[in-house]
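Source file: input_9.txt (compact mmCIF, C-alpha atoms)
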# COMPACT_ATOMS: atom_id res chain seq x y z
CA MET A 1 -28.43 6.95 -27.00
CA LYS A 2 -27.07 8.08 -23.65
CA ILE A 3 -23.33 7.55 -23.23
CA ASP A 4 -22.21 5.99 -19.97
CA TRP A 5 -19.03 8.00 -19.43
CA ARG A 6 -18.11 5.89 -16.42
CA ARG A 7 -17.80 2.85 -18.68
CA VAL A 8 -15.87 4.89 -21.26
CA LEU A 9 -13.41 6.10 -18.64
CA MET A 10 -13.02 2.59 -17.26
CA SER A 11 -12.28 1.31 -20.76
CA LEU A 12 -9.77 4.05 -21.52
CA GLY A 13 -8.12 3.81 -18.11
CA GLY A 14 -7.93 0.03 -18.31
CA VAL A 15 -6.30 -0.04 -21.74
CA LEU A 16 -3.78 2.70 -20.97
CA THR A 17 -2.96 1.12 -17.60
CA GLY A 18 -2.30 -2.18 -19.34
CA ALA A 19 -0.02 -0.47 -21.86
CA VAL A 20 2.03 1.12 -19.09
CA ALA A 21 2.26 -2.26 -17.36
CA VAL A 22 3.77 -3.89 -20.45
CA GLY A 23 6.42 -1.16 -20.54
CA ILE A 24 7.23 -1.95 -16.90
CA PHE A 25 7.48 -5.65 -17.79
CA LYS A 26 10.07 -4.80 -20.41
CA ILE A 27 12.17 -2.90 -17.87
CA ALA A 28 12.02 -5.89 -15.50
CA ALA A 29 13.37 -8.10 -18.33
CA LEU A 30 12.16 -11.20 -16.48
CA GLY A 31 9.57 -12.18 -19.04
CA ILE A 32 6.60 -10.25 -20.33
CA ASP A 33 2.94 -11.26 -20.44
CA PRO A 34 2.16 -14.12 -22.86
CA PHE A 35 0.63 -12.06 -25.69
CA GLN A 36 3.49 -9.57 -25.57
CA SER A 37 5.97 -12.46 -25.67
CA LEU A 38 4.31 -13.53 -28.91
CA MET A 39 4.55 -9.95 -30.16
CA SER A 40 8.26 -9.82 -29.24
CA GLY A 41 8.85 -13.05 -31.14
CA LEU A 42 7.05 -11.64 -34.17
CA ASN A 43 9.00 -8.39 -33.83
CA GLN A 44 12.22 -10.41 -34.03
CA VAL A 45 11.05 -11.95 -37.29
CA PHE A 46 9.55 -8.71 -38.63
CA PRO A 47 11.77 -5.87 -37.33
CA ILE A 48 9.35 -2.98 -37.83
CA PRO A 49 8.31 -0.44 -35.13
CA PHE A 50 6.56 -2.30 -32.31
CA GLY A 51 3.53 0.00 -32.30
CA THR A 52 2.97 -0.57 -36.01
CA LEU A 53 3.36 -4.35 -35.71
CA TYR A 54 0.90 -4.35 -32.81
CA VAL A 55 -1.72 -2.62 -34.95
CA ILE A 56 -1.23 -5.10 -37.81
CA VAL A 57 -1.48 -8.23 -35.63
CA ASN A 58 -4.51 -6.94 -33.75
CA ALA A 59 -6.23 -5.97 -37.00
CA VAL A 60 -5.91 -9.63 -38.04
CA LEU A 61 -7.31 -10.79 -34.69
CA LEU A 62 -10.11 -8.25 -35.08
CA LEU A 63 -11.38 -10.33 -37.99
CA PHE A 64 -11.82 -13.23 -35.54
CA SER A 65 -14.16 -11.13 -33.41
CA LEU A 66 -16.03 -9.81 -36.44
CA VAL A 67 -16.77 -13.37 -37.50
CA PHE A 68 -17.39 -15.11 -34.17
CA ASN A 69 -18.34 -12.60 -31.47
CA ARG A 70 -19.01 -9.01 -32.46
CA HIS A 71 -20.27 -8.21 -28.96
CA ASN A 72 -16.62 -8.04 -27.88
CA ILE A 73 -15.89 -5.18 -30.29
CA GLY A 74 -16.30 -1.67 -28.93
CA ILE A 75 -14.54 1.51 -27.93
CA ALA A 76 -11.96 -0.34 -25.84
CA THR A 77 -11.12 -2.63 -28.76
CA PHE A 78 -10.07 0.28 -30.94
CA ILE A 79 -8.35 2.15 -28.11
CA ASN A 80 -6.35 -1.00 -27.53
CA LEU A 81 -5.68 -1.57 -31.22
CA PHE A 82 -4.41 1.90 -32.04
CA LEU A 83 -2.89 3.11 -28.75
CA LEU A 84 -1.57 0.23 -26.66
CA GLY A 85 1.48 -0.56 -28.79
CA TYR A 86 2.60 3.06 -28.99
CA VAL A 87 1.95 3.78 -25.28
CA THR A 88 3.94 0.65 -24.39
CA GLN A 89 6.80 1.78 -26.60
CA PHE A 90 6.73 5.29 -25.06
CA THR A 91 6.58 3.92 -21.49
CA TYR A 92 9.51 1.57 -22.05
CA GLU A 93 11.71 4.23 -23.67
CA THR A 94 10.89 6.70 -20.87
CA LEU A 95 11.61 4.21 -18.09
CA GLN A 96 14.90 3.29 -19.73
CA ARG A 97 16.04 6.86 -19.14
CA VAL A 98 14.81 6.87 -15.55
CA ILE A 99 15.77 3.34 -14.43
CA VAL A 100 19.25 2.83 -15.84
CA ASP A 101 20.79 -0.65 -15.46
CA PRO A 102 18.29 -1.81 -12.79
CA SER A 103 19.48 -4.22 -10.10
CA MET A 104 17.74 -7.56 -9.56
CA PRO A 105 15.66 -6.28 -6.58
CA VAL A 106 14.46 -3.34 -8.72
CA ARG A 107 13.63 -5.69 -11.59
CA LEU A 108 11.65 -7.95 -9.24
CA ILE A 109 9.72 -4.95 -7.92
CA CYS A 110 8.96 -3.86 -11.50
CA LEU A 111 7.76 -7.38 -12.28
CA GLY A 112 5.39 -7.46 -9.31
CA VAL A 113 4.05 -3.99 -10.05
CA GLY A 114 3.61 -4.86 -13.74
CA ILE A 115 1.63 -8.03 -12.99
CA VAL A 116 -0.76 -6.28 -10.62
CA ILE A 117 -1.26 -3.27 -12.91
CA ILE A 118 -1.91 -5.30 -16.07
CA CYS A 119 -4.52 -7.43 -14.29
CA ILE A 120 -6.25 -4.35 -12.88
CA GLY A 121 -6.26 -2.74 -16.33
CA SER A 122 -7.66 -5.86 -17.98
CA SER A 123 -10.34 -6.14 -15.31
CA LEU A 124 -11.43 -2.51 -15.76
CA TYR A 125 -11.93 -2.54 -19.51
CA MET A 126 -13.38 -6.06 -19.63
CA THR A 127 -15.96 -5.18 -16.95
CA ALA A 128 -16.80 -1.87 -18.67
CA ASP A 129 -18.11 -4.08 -21.49
CA LEU A 130 -17.38 -1.58 -24.25
CA GLY A 131 -15.21 -4.03 -26.10
CA VAL A 132 -12.07 -5.89 -25.13
CA SER A 133 -8.70 -6.38 -26.77
CA THR A 134 -8.71 -8.64 -29.80
CA TYR A 135 -6.58 -11.15 -27.89
CA ASP A 136 -8.87 -11.20 -24.84
CA SER A 137 -11.78 -11.73 -27.23
CA VAL A 138 -10.40 -15.12 -28.25
CA ALA A 139 -10.58 -16.61 -24.74
CA ILE A 140 -13.89 -14.88 -23.97
CA THR A 141 -15.46 -16.28 -27.13
CA MET A 142 -14.22 -19.79 -26.37
CA ALA A 143 -15.57 -19.59 -22.80
CA ASP A 144 -18.83 -17.66 -23.16
CA LYS A 145 -19.99 -18.45 -26.68
CA TRP A 146 -18.44 -21.79 -27.57
CA LYS A 147 -18.71 -23.08 -23.95
CA TRP A 148 -15.32 -24.81 -24.02
CA GLY A 149 -14.84 -24.26 -20.30
CA PRO A 150 -14.30 -21.58 -17.63
CA PHE A 151 -12.58 -18.41 -18.83
CA LYS A 152 -9.67 -18.68 -16.40
CA TYR A 153 -8.65 -22.12 -17.71
CA ILE A 154 -9.07 -21.23 -21.36
CA ARG A 155 -7.02 -18.09 -20.76
CA ILE A 156 -4.23 -20.23 -19.31
CA ALA A 157 -4.30 -22.41 -22.44
CA THR A 158 -4.21 -19.49 -24.90
CA ASP A 159 -1.45 -17.84 -22.86
CA LEU A 160 0.69 -20.99 -22.99
CA VAL A 161 0.26 -21.16 -26.78
CA CYS A 162 1.47 -17.55 -27.05
CA VAL A 163 4.48 -18.29 -24.84
CA ALA A 164 5.54 -21.26 -26.98
CA LEU A 165 5.08 -19.37 -30.23
CA GLY A 166 6.84 -16.27 -28.90
CA ALA A 167 9.95 -18.20 -27.84
CA GLY A 168 10.03 -20.18 -31.09
CA LEU A 169 9.66 -17.12 -33.31
CA PHE A 170 12.26 -15.19 -31.31
CA VAL A 171 14.90 -17.87 -31.93
CA LEU A 172 13.75 -18.40 -35.52
CA GLY A 173 14.24 -14.68 -36.12
CA GLY A 174 17.86 -14.85 -35.04
CA GLY A 175 17.52 -14.22 -31.30
CA ARG A 176 19.92 -15.97 -28.94
CA TRP A 177 18.69 -18.60 -26.50
CA SER A 178 20.37 -16.64 -23.70
CA GLU A 179 18.05 -13.71 -24.48
CA VAL A 180 14.83 -15.76 -24.43
CA PRO A 181 14.30 -15.32 -20.63
CA GLU A 182 13.86 -11.58 -21.24
CA ILE A 183 10.60 -12.28 -23.11
CA VAL A 184 9.73 -15.73 -21.77
CA GLY A 185 10.82 -15.86 -18.15
CA ILE A 186 9.43 -16.08 -14.64
CA GLY A 187 7.11 -13.14 -15.31
CA THR A 188 5.65 -14.91 -18.33
CA ILE A 189 5.07 -18.12 -16.39
CA ILE A 190 3.40 -16.24 -13.54
CA THR A 191 1.06 -14.36 -15.90
CA ALA A 192 0.34 -17.46 -17.99
CA PHE A 193 -0.92 -19.40 -14.98
CA PHE A 194 -2.29 -16.62 -12.79
CA MET A 195 -3.39 -13.73 -15.02
CA GLY A 196 -6.81 -15.26 -15.69
CA PRO A 197 -7.57 -15.90 -12.00
CA LEU A 198 -6.12 -12.49 -11.00
CA ILE A 199 -8.29 -10.69 -13.56
CA GLU A 200 -11.33 -12.46 -12.13
CA PHE A 201 -10.23 -11.48 -8.61
CA PHE A 202 -10.09 -7.80 -9.58
CA ASN A 203 -13.39 -8.17 -11.45
CA VAL A 204 -15.07 -9.21 -8.20
CA ARG A 205 -13.17 -6.96 -5.81
CA LEU A 206 -12.69 -3.79 -7.84
CA ALA A 207 -14.20 -3.39 -11.30
CA ARG A 208 -17.75 -4.68 -10.75
CA PRO A 209 -18.24 -2.82 -7.42
CA LEU A 210 -16.84 0.33 -9.07
CA LEU A 211 -19.34 0.05 -11.90
CA LYS A 212 -22.26 -0.46 -9.50
CA LYS A 213 -21.49 2.65 -7.43
CA ASN A 214 -23.73 5.65 -8.03
Show me this structure written as C-alpha cells.
Amino acid sequence: MKIDWRRVLMSLGGVLTGAVAVGIFKIAALGIDPFQSLMSGLNQVFPIPFGTLYVIVNAVLLLFSLVFNRHNIGIATFINLFLLGYVTQFTYETLQRVIVDPSMPVRLICLGVGIVIICIGSSLYMTADLGVSTYDSVAITMADKWKWGPFKYIRIATDLVCVALGAGLFVLGGGRWSEVPEIVGIGTIITAFFMGPLIEFFNVRLARPLLKKN
C-alpha cells in the first residue's frame, strides 16, 4: 500500500504543534485547554510525571475508540499518545528558562498564540485522517457515528465536562482555590467555547486546501 507522506507529515506536525501549544498555555498560566485542565487535575491527585500520566489516561481512552470507532485510530493517535505529554513537559520546562516571571501582557500574548497554534495543530492531524487523539475521538464518534449533533457543539459539551472535572480534582487533590485559575481560567473558557469552531475554521481555510494541493 502506498504511503501518503503528506498526510503523515500533517499528522506528525499537527500533534507536535499541539504539544508545543499546551506548553505555551502553561507559561501563560491563564487556564489551559479543557482536556489539559482535566489532566492537571488528575496530576494533582496522582503526582507522577505528567508525560507518564498522559500515556496512562490516553491508553484508557484508546479503549473507547477500539470499541466504538476504530476508524479514528491511526498513526496520529499513537504519536499523540506516546509523544504529546513528554513534548509538552519539555516545552514548558524550556520556556520557563527563557520567559522568567512573565508580565501580564506577555502572558496574554502567550495565551493568544497558544490558542491559535493548538487549533491549527488539531485541524492538521484531524484532516490528515490518519487517526486523531483519543480525546478528540470521543466528540468525533458522538457527532459522526452516533449522530448526537454537530461536532462543534458536542466538542463544547465534552470540553465543559473536562473543565468541571479538572477543577474538582485539582481541589480534591489538595490544590488551593487561588491556584485554580492557572488551569481553569480565561484561556480554558475561550477554548471550551471556541476551540471546536476554530478547528473547523482552520479545517476549511488551511488543512483541507493544503491536503488538496498537488
Segment 144-161 of chain A surroundings by only C-alpha atoms, 7 Å radius, close-in-sequence under 6 positions cut, as a ChimeraX atom specification: /A:34-35,192-193,196-197
Selection near Val87 of chain A, 10 Å with only C-alpha atoms, sequence-local residues under 3 positions removed, as a list in words: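 The contact residues come out as Val15, Leu16, Thr17, Gly18, Ala19, Val20, Ala21, Val22, Gly23, Gly51, Asn80, Phe82, Leu83, Leu84, Phe90, Thr91, Tyr92 and Glu93 of chain A.
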Compile a residue-level contact table for segment 44-159 of chain A against segment 176-182 of chain A at a cut-off of 12 Å, reporting for every qualifying residue the shortest atom pair and its distance in Å to one decimal, with only C-alpha atoms counted, rows ordered by chain and ascending number, as CSV.
residue,atom,partner,partner_atom,distance
A:Gln44,CA,A:Arg176,CA,10.8
A:Arg107,CA,A:Glu182,CA,11.3
A:Leu111,CA,A:Glu182,CA,11.6
Point-to-point distance in Å for atom CA of Val106 of chain A and atom CA of Glu200 of chain A: 27.6 Å
Around (8.0, -15.9, -24.3) in the file's frame, which residues reach within 12 Å when counting only C-alpha atoms? Return as a short mmCIF file (atom, residue, chain, number, x, y, z; two decimals) with C-alpha atoms, keeping the file's coordinate frame?
data_model
loop_
_atom_site.label_atom_id
_atom_site.label_comp_id
_atom_site.auth_asym_id
_atom_site.auth_seq_id
_atom_site.Cartn_x
_atom_site.Cartn_y
_atom_site.Cartn_z
CA LYS A 26 10.07 -4.80 -20.41
CA ALA A 29 13.37 -8.10 -18.33
CA LEU A 30 12.16 -11.20 -16.48
CA GLY A 31 9.57 -12.18 -19.04
CA ILE A 32 6.60 -10.25 -20.33
CA ASP A 33 2.94 -11.26 -20.44
CA PRO A 34 2.16 -14.12 -22.86
CA PHE A 35 0.63 -12.06 -25.69
CA GLN A 36 3.49 -9.57 -25.57
CA SER A 37 5.97 -12.46 -25.67
CA LEU A 38 4.31 -13.53 -28.91
CA MET A 39 4.55 -9.95 -30.16
CA SER A 40 8.26 -9.82 -29.24
CA GLY A 41 8.85 -13.05 -31.14
CA LEU A 42 7.05 -11.64 -34.17
CA GLN A 44 12.22 -10.41 -34.03
CA ASP A 159 -1.45 -17.84 -22.86
CA LEU A 160 0.69 -20.99 -22.99
CA VAL A 161 0.26 -21.16 -26.78
CA CYS A 162 1.47 -17.55 -27.05
CA VAL A 163 4.48 -18.29 -24.84
CA ALA A 164 5.54 -21.26 -26.98
CA LEU A 165 5.08 -19.37 -30.23
CA GLY A 166 6.84 -16.27 -28.90
CA ALA A 167 9.95 -18.20 -27.84
CA GLY A 168 10.03 -20.18 -31.09
CA LEU A 169 9.66 -17.12 -33.31
CA PHE A 170 12.26 -15.19 -31.31
CA VAL A 171 14.90 -17.87 -31.93
CA GLY A 175 17.52 -14.22 -31.30
CA TRP A 177 18.69 -18.60 -26.50
CA GLU A 179 18.05 -13.71 -24.48
CA VAL A 180 14.83 -15.76 -24.43
CA PRO A 181 14.30 -15.32 -20.63
CA GLU A 182 13.86 -11.58 -21.24
CA ILE A 183 10.60 -12.28 -23.11
CA VAL A 184 9.73 -15.73 -21.77
CA GLY A 185 10.82 -15.86 -18.15
CA ILE A 186 9.43 -16.08 -14.64
CA GLY A 187 7.11 -13.14 -15.31
CA THR A 188 5.65 -14.91 -18.33
CA ILE A 189 5.07 -18.12 -16.39
CA ILE A 190 3.40 -16.24 -13.54
CA THR A 191 1.06 -14.36 -15.90
CA ALA A 192 0.34 -17.46 -17.99
#
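For the pair atom CA of Tyr54 of chain A and atom CA of Met195 of chain A, the interatomic distance is 20.6 Å.
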Separation of atom CA of Leu81 of chain A from atom CA of Phe202 of chain A, in Å and rounded to one decimal: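 According to the coordinates, atom CA of Leu81 of chain A and atom CA of Phe202 of chain A are separated by 22.9 Å.
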Applying 12 Å and all atoms listed in the file, which residues near Trp5 of chain A remain after dropping the ones on its own chain fewer than 5 positions away? List them as a compact mmCIF listing (two decimals) with C-alpha atoms, in the frame of the given file.
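The resulting part-v6.txt:
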# COMPACT_ATOMS: atom_id res chain seq x y z
CA MET A 10 -13.02 2.59 -17.26
CA SER A 11 -12.28 1.31 -20.76
CA LEU A 12 -9.77 4.05 -21.52
CA GLY A 13 -8.12 3.81 -18.11
CA ILE A 75 -14.54 1.51 -27.93
CA ALA A 128 -16.80 -1.87 -18.67
CA LEU A 130 -17.38 -1.58 -24.25
CA LEU A 211 -19.34 0.05 -11.90
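Nearest to Ala76 of chain A of all the residues A:Tyr125, A:Asp136, A:Thr141, A:Arg6 is A:Tyr125, based on all atoms listed in the file.
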Closest of A:Ser123, A:Ile117, A:Ser133, A:Pro102 to Val57 of chain A - atom-to-atom distances counting all atoms listed in the file: A:Ser133
